file start-v1.txt (compact mmCIF, C-alpha atoms and all ligand atoms)
# COMPACT_ATOMS: atom_id res chain seq x y z
CA MET D 1 -3.58 21.71 54.08
CA GLU D 2 -2.47 18.13 53.66
CA LYS D 3 -1.85 16.27 56.90
CA GLU D 4 0.33 13.22 57.25
CA ASN D 5 -1.25 10.20 55.51
CA GLU D 6 -3.70 12.51 53.74
CA PHE D 7 -3.72 13.18 50.06
CA VAL D 8 -6.03 15.52 48.21
CA VAL D 9 -7.30 14.62 44.73
CA GLY D 10 -9.51 17.40 43.42
CA ARG D 11 -12.17 17.84 46.08
CA VAL D 12 -11.60 14.49 47.77
CA VAL D 13 -9.33 13.88 50.74
CA LEU D 14 -7.93 10.37 50.69
CA ARG D 15 -6.33 8.84 53.76
CA ASP D 16 -3.78 6.04 53.49
CA ILE D 17 -4.81 5.41 49.90
CA MET D 18 -2.36 6.25 47.15
CA ASP D 19 -0.53 9.43 46.31
CA CYS D 20 0.86 10.50 42.93
CA ASP D 21 4.28 8.98 43.63
CA GLU D 22 2.82 5.60 44.47
CA PHE D 23 0.40 5.81 41.53
CA ARG D 24 3.36 6.40 39.17
CA CYS D 25 5.06 3.34 40.51
CA ARG D 26 1.94 1.10 40.69
CA GLY D 27 0.82 2.29 37.27
CA LYS D 28 4.08 1.09 35.74
CA GLU D 29 3.71 -2.21 37.57
CA MET D 30 0.17 -2.56 36.24
CA ILE D 31 1.37 -2.05 32.65
CA GLU D 32 3.96 -4.77 33.33
CA TYR D 33 1.25 -7.03 34.74
CA ILE D 34 -0.98 -6.49 31.68
CA CYS D 35 1.90 -7.10 29.24
CA ASN D 36 2.91 -10.28 31.05
CA TYR D 37 -0.72 -11.40 31.14
CA LEU D 38 -1.18 -10.92 27.40
CA GLU D 39 2.25 -12.27 26.43
CA ASN D 40 1.74 -15.47 28.44
CA LEU D 41 -1.97 -15.92 27.90
CA GLU D 42 -1.47 -19.03 25.81
CA SER D 43 -0.14 -20.94 28.81
CA ARG D 44 -3.41 -20.45 30.74
CA ARG D 45 -6.50 -22.58 30.12
CA VAL D 46 -9.25 -20.70 28.23
CA THR D 47 -12.14 -21.38 30.61
CA PRO D 48 -11.88 -21.56 34.39
CA ASN D 49 -11.87 -24.87 36.24
CA ILE D 50 -14.08 -23.84 39.15
CA GLU D 51 -17.57 -24.47 40.49
CA PRO D 52 -20.26 -21.75 40.66
CA GLY D 53 -19.95 -19.85 43.94
CA TYR D 54 -16.20 -20.53 44.18
CA LEU D 55 -15.34 -16.90 44.92
CA ARG D 56 -17.68 -16.41 47.86
CA LYS D 57 -15.85 -19.23 49.69
CA ILE D 58 -12.46 -17.56 49.46
CA LEU D 59 -13.39 -13.90 50.00
CA PRO D 60 -14.30 -12.42 53.41
CA GLU D 61 -17.99 -12.01 54.14
CA GLU D 62 -17.65 -8.31 54.98
CA ALA D 63 -15.59 -5.63 53.29
CA PRO D 64 -12.31 -5.23 55.22
CA GLU D 65 -12.29 -2.55 57.95
CA ASN D 66 -8.72 -1.55 57.18
CA PRO D 67 -7.15 -1.07 53.77
CA GLU D 68 -4.56 -3.51 52.49
CA GLY D 69 -1.39 -2.71 50.59
CA TRP D 70 -1.47 -2.82 46.81
CA ASP D 71 0.86 -5.84 46.71
CA GLN D 72 -1.64 -7.79 48.78
CA ILE D 73 -4.47 -6.76 46.47
CA MET D 74 -2.59 -7.84 43.34
CA ALA D 75 -1.68 -11.13 45.01
CA ASP D 76 -5.42 -11.70 45.57
CA VAL D 77 -6.11 -10.84 41.91
CA GLU D 78 -3.68 -13.54 40.79
CA SER D 79 -4.70 -16.21 43.31
CA LYS D 80 -8.45 -15.61 43.64
CA ILE D 81 -9.78 -13.64 40.66
CA MET D 82 -7.72 -14.96 37.75
CA PRO D 83 -8.76 -18.60 38.40
CA GLY D 84 -12.35 -17.51 37.70
CA VAL D 85 -11.63 -15.53 34.52
CA THR D 86 -12.58 -16.76 31.05
CA HIS D 87 -9.80 -15.46 28.86
CA TRP D 88 -11.57 -13.76 25.95
CA GLN D 89 -8.25 -12.60 24.47
CA HIS D 90 -6.84 -16.14 24.48
CA PRO D 91 -5.79 -17.35 21.02
CA ARG D 92 -7.95 -20.46 21.52
CA PHE D 93 -11.07 -18.58 22.65
CA HIS D 94 -13.72 -19.20 19.98
CA ALA D 95 -16.95 -18.66 21.93
CA TYR D 96 -19.66 -16.01 21.51
CA PHE D 97 -18.02 -13.28 19.41
CA PRO D 98 -14.67 -11.47 19.36
CA SER D 99 -13.94 -9.00 22.13
CA GLY D 100 -11.99 -6.01 20.89
CA ASN D 101 -8.76 -5.12 22.65
CA SER D 102 -5.56 -3.28 21.78
CA PHE D 103 -2.90 -1.25 23.56
CA PRO D 104 -4.05 2.11 22.13
CA SER D 105 -7.57 1.30 23.33
CA ILE D 106 -6.28 0.51 26.85
CA LEU D 107 -4.27 3.74 26.90
CA GLY D 108 -7.34 5.68 25.77
CA ASP D 109 -9.34 4.19 28.63
CA MET D 110 -6.61 5.21 31.08
CA LEU D 111 -6.62 8.77 29.84
CA SER D 112 -10.38 8.94 29.98
CA ASP D 113 -10.29 7.63 33.57
CA GLY D 114 -7.62 10.16 34.48
CA ILE D 115 -9.60 13.09 33.09
CA GLY D 116 -12.64 11.66 34.88
CA CYS D 117 -15.31 13.75 33.12
CA VAL D 118 -19.02 12.99 32.93
CA GLY D 119 -19.98 14.31 29.50
CA PHE D 120 -23.78 14.25 29.73
CA SER D 121 -24.16 17.55 27.90
CA TRP D 122 -21.98 19.75 25.71
CA ALA D 123 -21.34 22.20 28.55
CA ALA D 124 -20.43 19.40 30.98
CA SER D 125 -17.26 18.91 28.92
CA PRO D 126 -17.36 20.28 25.35
CA ALA D 127 -14.49 18.22 23.93
CA LEU D 128 -16.28 14.97 24.79
CA THR D 129 -19.46 15.75 22.86
CA GLU D 130 -17.62 17.30 19.94
CA LEU D 131 -15.11 14.46 19.61
CA GLU D 132 -17.91 11.89 19.72
CA SER D 133 -19.81 13.52 16.84
CA ILE D 134 -16.69 13.95 14.72
CA VAL D 135 -15.36 10.43 15.19
CA LEU D 136 -18.79 8.92 14.59
CA ASP D 137 -18.90 10.76 11.26
CA TRP D 138 -15.44 9.35 10.42
CA LEU D 139 -16.55 5.83 11.28
CA GLY D 140 -19.91 6.23 9.53
CA LYS D 141 -18.12 7.36 6.35
CA ALA D 142 -15.62 4.49 6.59
CA ILE D 143 -18.48 1.99 6.91
CA GLY D 144 -20.23 3.62 3.96
CA LEU D 145 -23.35 4.93 5.67
CA PRO D 146 -25.42 7.31 3.54
CA ASP D 147 -25.23 11.08 4.19
CA GLN D 148 -28.50 11.10 6.16
CA PHE D 149 -26.65 9.43 9.08
CA LEU D 150 -23.76 11.91 9.20
CA ALA D 151 -23.91 14.90 11.52
CA PHE D 152 -21.72 17.24 9.48
CA LYS D 153 -23.27 16.75 6.04
CA GLU D 154 -25.11 19.74 4.60
CA GLY D 155 -28.86 19.22 5.02
CA SER D 156 -28.51 16.14 7.21
CA ARG D 157 -30.65 15.88 10.36
CA GLY D 158 -28.99 12.72 11.58
CA GLY D 159 -25.81 11.71 13.36
CA GLY D 160 -24.06 9.12 15.48
CA VAL D 161 -23.78 8.47 19.21
CA ILE D 162 -21.93 5.96 21.40
CA GLN D 163 -24.04 3.58 23.49
CA THR D 164 -22.96 0.87 25.88
CA SER D 165 -24.22 -2.12 23.89
CA ALA D 166 -26.05 -3.20 20.75
CA SER D 167 -28.93 -4.21 23.00
CA GLU D 168 -29.17 -0.62 24.16
CA CYS D 169 -29.10 0.64 20.54
CA VAL D 170 -32.05 -1.61 19.66
CA LEU D 171 -33.93 -0.53 22.80
CA VAL D 172 -33.33 3.17 22.15
CA SER D 173 -34.50 2.80 18.53
CA MET D 174 -37.61 0.97 19.64
CA LEU D 175 -38.35 3.64 22.26
CA ALA D 176 -38.03 6.35 19.61
CA ALA D 177 -40.24 4.38 17.22
CA ARG D 178 -42.83 3.90 19.97
CA ALA D 179 -42.86 7.61 20.81
CA GLN D 180 -43.26 8.47 17.12
CA ALA D 181 -46.11 5.97 16.65
CA LEU D 182 -47.95 7.02 19.82
CA LYS D 183 -47.69 10.69 18.88
CA ARG D 184 -49.28 10.02 15.51
CA LEU D 185 -52.00 7.81 16.99
CA LYS D 186 -52.86 10.35 19.70
CA GLN D 187 -53.41 12.97 17.01
CA GLN D 188 -55.74 10.59 15.14
CA HIS D 189 -57.57 9.37 18.26
CA PRO D 190 -57.35 12.17 20.86
CA PHE D 191 -59.89 10.56 23.19
CA VAL D 192 -58.40 7.06 23.29
CA GLU D 193 -56.28 6.17 26.32
CA GLU D 194 -52.54 5.91 25.61
CA GLY D 195 -52.48 2.43 27.16
CA VAL D 196 -55.05 1.25 24.63
CA LEU D 197 -53.02 2.65 21.74
CA LEU D 198 -49.88 1.02 23.15
CA SER D 199 -51.60 -2.36 23.23
CA LYS D 200 -52.06 -2.18 19.43
CA LEU D 201 -48.40 -1.62 18.52
CA MET D 202 -46.60 -4.48 16.78
CA ALA D 203 -42.86 -4.86 16.20
CA TYR D 204 -41.24 -7.39 13.83
CA CYS D 205 -37.98 -9.27 13.54
CA SER D 206 -36.67 -12.55 12.16
CA LYS D 207 -36.15 -15.76 14.12
CA GLU D 208 -32.44 -15.19 13.53
CA ALA D 209 -32.48 -11.76 15.25
CA HIS D 210 -30.53 -11.35 18.49
CA SER D 211 -32.52 -11.94 21.69
CA CYS D 212 -32.09 -8.26 22.56
CA VAL D 213 -35.01 -7.45 20.20
CA GLU D 214 -37.32 -9.58 22.35
CA LYS D 215 -35.93 -7.98 25.46
CA ALA D 216 -36.49 -4.48 24.06
CA ALA D 217 -40.11 -5.36 23.22
CA MET D 218 -40.64 -6.56 26.80
CA ILE D 219 -39.25 -3.34 28.22
CA CYS D 220 -41.28 -1.23 25.77
CA PHE D 221 -44.54 -3.12 26.54
CA VAL D 222 -45.12 -3.83 22.86
CA LYS D 223 -45.98 -6.99 20.95
CA LEU D 224 -43.30 -8.61 18.83
CA ARG D 225 -43.91 -10.93 15.89
CA ILE D 226 -40.95 -13.19 15.18
CA LEU D 227 -40.92 -14.14 11.50
CA GLU D 228 -39.56 -17.14 9.65
CA PRO D 229 -36.55 -16.36 7.42
CA ASP D 230 -35.93 -18.11 4.08
CA GLU D 231 -33.62 -21.10 3.52
CA LYS D 232 -30.61 -18.79 3.67
CA SER D 233 -31.74 -17.48 7.09
CA SER D 234 -32.61 -14.15 5.48
CA LEU D 235 -35.84 -12.32 6.30
CA ARG D 236 -37.65 -11.51 3.02
CA GLY D 237 -39.89 -8.60 2.12
CA LYS D 238 -42.83 -10.79 1.21
CA THR D 239 -42.89 -12.56 4.59
CA LEU D 240 -42.84 -9.20 6.36
CA MET D 241 -45.50 -7.72 4.06
CA MET D 242 -47.89 -10.61 4.69
CA ALA D 243 -47.43 -10.42 8.46
CA MET D 244 -47.94 -6.67 8.60
CA GLU D 245 -51.05 -6.78 6.41
CA GLU D 246 -52.50 -9.62 8.44
CA ASP D 247 -51.92 -7.71 11.68
CA GLU D 248 -53.45 -4.53 10.26
CA THR D 249 -56.63 -6.34 9.33
CA VAL D 250 -57.11 -7.40 12.97
CA GLY D 251 -56.57 -3.83 14.19
CA LEU D 252 -52.91 -4.00 15.17
CA ILE D 253 -50.49 -1.25 14.16
CA PRO D 254 -47.07 -2.13 12.72
CA PHE D 255 -44.55 0.44 14.06
CA PHE D 256 -41.05 -1.10 14.19
CA VAL D 257 -38.99 -3.57 12.16
CA SER D 258 -35.61 -4.74 13.42
CA THR D 259 -33.42 -6.32 10.74
CA THR D 260 -29.95 -7.81 11.03
CA LEU D 261 -26.94 -7.58 8.74
CA GLY D 262 -24.77 -10.42 10.04
CA THR D 263 -26.86 -12.44 12.50
CA THR D 264 -25.08 -13.65 15.62
CA SER D 265 -25.55 -17.38 15.12
CA CYS D 266 -24.86 -17.77 11.37
CA CYS D 267 -23.98 -14.35 9.88
CA SER D 268 -27.02 -14.27 7.61
CA PHE D 269 -28.28 -11.03 6.07
CA ASP D 270 -31.89 -9.90 6.03
CA ASN D 271 -32.99 -8.64 2.63
CA LEU D 272 -33.01 -4.88 3.17
CA PRO D 273 -33.68 -3.91 -0.47
CA GLU D 274 -36.97 -5.85 -0.16
CA ILE D 275 -37.80 -4.93 3.44
CA GLY D 276 -37.19 -1.18 3.05
CA PRO D 277 -39.97 -0.57 0.49
CA VAL D 278 -42.37 -2.75 2.52
CA CYS D 279 -41.85 -0.54 5.59
CA GLN D 280 -42.53 2.54 3.47
CA LYS D 281 -45.94 1.20 2.44
CA PHE D 282 -47.10 1.66 6.04
CA PRO D 283 -47.74 5.11 7.47
CA CYS D 284 -45.16 5.23 10.23
CA VAL D 285 -42.82 2.24 10.55
CA TRP D 286 -39.31 2.64 11.94
CA LEU D 287 -36.69 0.43 10.27
CA HIS D 288 -33.70 -0.50 12.43
CA VAL D 289 -30.61 -2.30 11.12
CA ASP D 290 -28.52 -4.23 13.62
CA GLY D 291 -25.00 -4.84 12.31
CA ALA D 292 -23.51 -5.45 15.74
CA TYR D 293 -20.52 -7.46 14.61
CA ALA D 294 -20.63 -7.78 10.80
CA GLY D 295 -21.24 -4.03 10.45
CA ASN D 296 -17.60 -3.35 11.28
CA ALA D 297 -16.53 -5.29 8.19
CA PHE D 298 -18.31 -2.88 5.84
CA ILE D 299 -15.19 -0.72 6.14
CA CYS D 300 -13.69 -3.11 3.56
CA PRO D 301 -14.58 -1.84 0.07
CA GLU D 302 -15.22 -5.39 -1.17
CA LEU D 303 -17.90 -5.95 1.51
CA LYS D 304 -19.82 -2.67 1.10
CA TYR D 305 -22.35 -4.33 -1.20
CA LEU D 306 -23.73 -6.09 1.88
CA LEU D 307 -25.04 -2.71 3.11
CA SER D 308 -27.37 -2.48 0.15
CA GLY D 309 -30.75 -1.04 1.17
CA ILE D 310 -29.37 0.91 4.12
CA ASP D 311 -30.87 4.14 2.67
CA TYR D 312 -34.28 2.90 3.85
CA ALA D 313 -33.14 2.63 7.49
CA ASP D 314 -34.02 5.01 10.32
CA SER D 315 -31.22 3.70 12.51
CA PHE D 316 -28.13 1.48 12.32
CA ASN D 317 -25.76 0.10 14.94
CA THR D 318 -22.43 -1.69 15.03
CA ASN D 319 -20.05 -2.62 17.87
CA PRO D 320 -16.43 -1.50 17.46
CA ASN D 321 -15.85 -3.51 20.66
CA LYS D 322 -16.43 -6.68 18.65
CA TRP D 323 -14.08 -6.30 15.74
CA LEU D 324 -12.40 -2.92 15.68
CA LEU D 325 -9.78 -3.48 18.41
CA THR D 326 -11.72 -1.25 20.82
CA ASN D 327 -12.33 -2.36 24.37
CA PHE D 328 -15.80 -3.01 25.73
CA ASP D 329 -18.02 -1.01 25.87
CA CYS D 330 -18.24 0.89 22.63
CA SER D 331 -21.40 0.41 20.62
CA THR D 332 -22.03 2.98 17.93
CA MET D 333 -25.43 3.99 16.63
CA TRP D 334 -26.55 6.34 13.88
CA VAL D 335 -29.99 7.76 13.25
CA SER D 336 -31.30 9.67 10.26
CA LEU D 337 -33.43 12.01 12.40
CA SER D 338 -31.75 12.81 15.73
CA GLU D 339 -34.73 14.78 17.03
CA LYS D 340 -36.82 11.60 17.13
CA ILE D 341 -34.45 10.08 19.69
CA ASN D 342 -34.35 13.34 21.63
CA LYS D 343 -38.14 13.55 21.75
CA ALA D 344 -38.41 9.97 23.02
CA ILE D 345 -35.77 9.86 25.76
CA VAL D 346 -34.10 13.22 26.39
CA ILE D 347 -35.52 15.63 28.94
CA ILE D 348 -34.44 19.07 27.81
CA SER D 349 -34.07 21.39 30.78
CA THR D 350 -35.47 24.87 30.20
CA SER D 351 -34.15 26.36 33.45
C1 LIG E 401 -23.49 -9.30 19.70
C2 LIG E 401 -24.75 -8.95 19.05
C3 LIG E 401 -25.74 -8.22 19.73
C4 LIG E 401 -25.65 -7.88 21.20
O1 LIG E 401 -24.58 -7.06 21.48
P1 LIG E 401 -24.41 -6.39 22.91
O2 LIG E 401 -23.50 -5.21 22.65
O3 LIG E 401 -23.77 -7.42 23.78
O4 LIG E 401 -25.75 -5.97 23.42
C5 LIG E 401 -26.87 -7.83 19.04
N1 LIG E 401 -27.02 -8.14 17.74
C6 LIG E 401 -26.10 -8.85 17.04
C7 LIG E 401 -26.33 -9.13 15.59
C8 LIG E 401 -24.93 -9.29 17.69
O5 LIG E 401 -24.03 -10.00 16.99
call {"tool": "encode", "arguments": {"input": "start-v1.txt", "output": "structure tokens"}}
result
Amino acid sequence: MEKENEFVVGRVVLRDIMDCDEFRCRGKEMIEYICNYLENLESRRVTPNIEPGYLRKILPEEAPENPEGWDQIMADVESKIMPGVTHWQHPRFHAYFPSGNSFPSILGDMLSDGIGCVGFSWAASPALTELESIVLDWLGKAIGLPDQFLAFKEGSRGGGVIQTSASECVLVSMLAARAQALKRLKQQHPFVEEGVLLSKLMAYCSKEAHSCVEKAAMICFVKLRILEPDEKSSLRGKTLMMAMEEDETVGLIPFFVSTTLGTTSCCSFDNLPEIGPVCQKFPCVWLHVDGAYAGNAFICPELKYLLSGIDYADSFNTNPNKWLLTNFDCSTMWVSLSEKINKAIVIISTS
């Protein structure tokens, strides 16, 4: 039974919050607000003109005891929040990298919020898992990924998944590579402590790689060797080969190579056709390819040649939220052997 000032959404009773009628009305106002914001963005300055800590001075110290009306909240957004916003969608914003945005993407987010599912397993909401696999195959095909990365190709053991960021894609790949390497080493040296084996693992990337590779190595407790690229900022096979051989002779174990197609600072391309065969000379090295922003461009037929050597990769990632008009966060990742990821980070419940 709903009492006065009470409104039931699913299992939750809300008091004095917002009922469907008000949501209809406020929702339309919000669309108006967003349209006005985007239509008049050019008249705002790109970066805020405020000092660090500005917001703390103008917001109350404690959360308010009593709720405020929506008009009051939106007035605060305009007068207090907007002055501290850097406008990534501004036509004169040229920092960092592009931030995807489009009306269909905003509508999709609204629908997803309305449905409010948590799709952590197929049974938790089948359409979510199934749609993800299908669309990732579409996108993988459009980019030109080889069949080993597609879920619905006969004989393929790979597939795609959405992560929150490219940094997470690199971390997840490194975790899977680490699990694969440790498994092999434990079979070879059953009486050696896992911590000792871990201390031998060496990952590689170029100086031009994104800082997320260093971060992933820190989280994974593994060593990382940062290599010098050539004069075109491209990591070459020979440089990698020499480093890996050198490390092997002092008892270290190469297990992971992170390459970049389209580096963040200068859009250089590591030489995959050279690096791939080098990785294969070592017993168990995982090759990751980070195409966080440039990867989106491989949809263009005239740019597909830049993917050359991708057949050697164990994993690949790109961010539709950088270039494909999709709102943050949508980072897509494909692996050629899904079970390796599952073994490293998924706890499969048997109950
Ligand atoms: C942007 C970028 C990243 C980091 O992306 P996040 O999604 O913010 O983690 C990693 N690698 C490259 C090449 C990038 O351009």
call {"tool": "closest_atom_pairs", "arguments": {"input": "start-v1.txt", "of": "chain D", "to": "ligand LIG 401 (chain E)", "cutoff": "8 Å", "atoms": "all atoms listed in the file", "output": "tab-separated table"}}
result
residue	atom	partner	partner_atom	distance
D:Tyr96	CA	E:LIG401	C1	7.9
D:Phe97	CA	E:LIG401	C1	6.8
D:Thr164	CA	E:LIG401	O2	6.9
D:Ser165	CA	E:LIG401	O2	3.4
D:Ala166	CA	E:LIG401	O2	3.8
D:Ser167	CA	E:LIG401	O4	3.7
D:Glu168	CA	E:LIG401	O4	6.4
D:Cys169	CA	E:LIG401	O4	8.0
D:Ala209	CA	E:LIG401	C7	6.7
D:His210	CA	E:LIG401	N1	4.8
D:Ser211	CA	E:LIG401	C5	7.5
D:Cys212	CA	E:LIG401	C5	6.3
D:Thr260	CA	E:LIG401	C7	6.0
D:Leu261	CA	E:LIG401	C7	7.0
D:Gly262	CA	E:LIG401	C7	5.9
D:Thr263	CA	E:LIG401	C7	4.6
D:Thr264	CA	E:LIG401	O5	4.0
D:Ser265	CA	E:LIG401	O5	7.8
D:Asp290	CA	E:LIG401	C7	5.7
D:Gly291	CA	E:LIG401	C7	5.6
D:Ala292	CA	E:LIG401	C6	4.5
D:Tyr293	CA	E:LIG401	O5	4.9
D:Ala294	CA	E:LIG401	O5	7.4
D:Asn319	CA	E:LIG401	O2	6.4
D:Lys322	CA	E:LIG401	C1	7.6
D:Asp329	CA	E:LIG401	O2	7.6
D:Ser331	CA	E:LIG401	O2	6.3
call {"tool": "residues_around", "arguments": {"input": "start-v1.txt", "residues": "region 298-314 of chain D", "least_positions_apart": "6", "cutoff": "9 Å", "atoms": "only C-alpha atoms", "output": "list of chain:residue names"}}
result
D:Leu139, D:Lys141, D:Ala142, D:Ile143, D:Gly144, D:Leu145, D:Pro146, D:Gln148, D:Phe149, D:Ser173, D:Leu261, D:Phe269, D:Asn271, D:Leu272, D:Pro273, D:Glu274, D:Ile275, D:Gly276, D:Pro277, D:Cys279, D:Gln280, D:Trp286, D:Leu287, D:His288, D:Val289, D:Trp334, D:Val335, D:Ser336, D:Leu337
call {"tool": "closest_residue", "arguments": {"input": "start-v1.txt", "among": "D:Ala63, D:Ala177, D:Leu185, D:Val170", "to": "Thr332 (chain D)", "atoms": "only C-alpha atoms"}}
result
D:Val170
call {"tool": "atom_distance", "arguments": {"input": "start-v1.txt", "atom1": "CA of Ile73 (chain D)", "atom2": "CA of Ser102 (chain D)"}}
result
25.0 Å
call {"tool": "atom_distance", "arguments": {"input": "start-v1.txt", "atom1": "CA of His87 (chain D)", "atom2": "CA of Pro67 (chain D)"}}
result
28.9 Å
call {"tool": "atom_distance", "arguments": {"input": "start-v1.txt", "atom1": "CA of Asn342 (chain D)", "atom2": "CA of Leu128 (chain D)"}}
result
18.4 Å
call {"tool": "closest_residue", "arguments": {"input": "start-v1.txt", "among": "D:Ala243, D:Asp113, D:Met18, D:Ser43", "to": "Trp70 (chain D)", "atoms": "all atoms listed in the file"}}
result
D:Met18
call {"tool": "closest_residue", "arguments": {"input": "start-v1.txt", "among": "D:Leu41, D:Ile58, D:Ile162, D:Ile50", "to": "Asn321 (chain D)", "atoms": "all atoms listed in the file"}}
result
D:Ile162
call {"tool": "closest_residue", "arguments": {"input": "start-v1.txt", "among": "D:Ser121, D:Ser268, D:Ser79, D:Asn317", "to": "Arg236 (chain D)", "atoms": "all atoms listed in the file"}}
result
D:Ser268
call {"tool": "closest_residue", "arguments": {"input": "start-v1.txt", "among": "D:Gln180, D:Asn327, D:Glu194, D:Thr239", "to": "Val285 (chain D)", "atoms": "all atoms listed in the file"}}
result
D:Gln180
call {"tool": "axis_aligned_box", "arguments": {"input": "start-v1.txt", "around": "region 222-234 of chain D", "padding_each_side": "3 Å", "output": "lines of an AutoDock Vina configuration file"}}
result
center_x = -38.3
center_y = -12.5
center_z = 13.2
size_x = 21.4
size_y = 23.3
size_z = 25.3
call {"tool": "closest_residue", "arguments": {"input": "start-v1.txt", "among": "D:Lys215, D:Lys281, D:Lys80, D:Lys207", "to": "Ser234 (chain D)", "atoms": "all atoms listed in the file"}}
result
D:Lys207
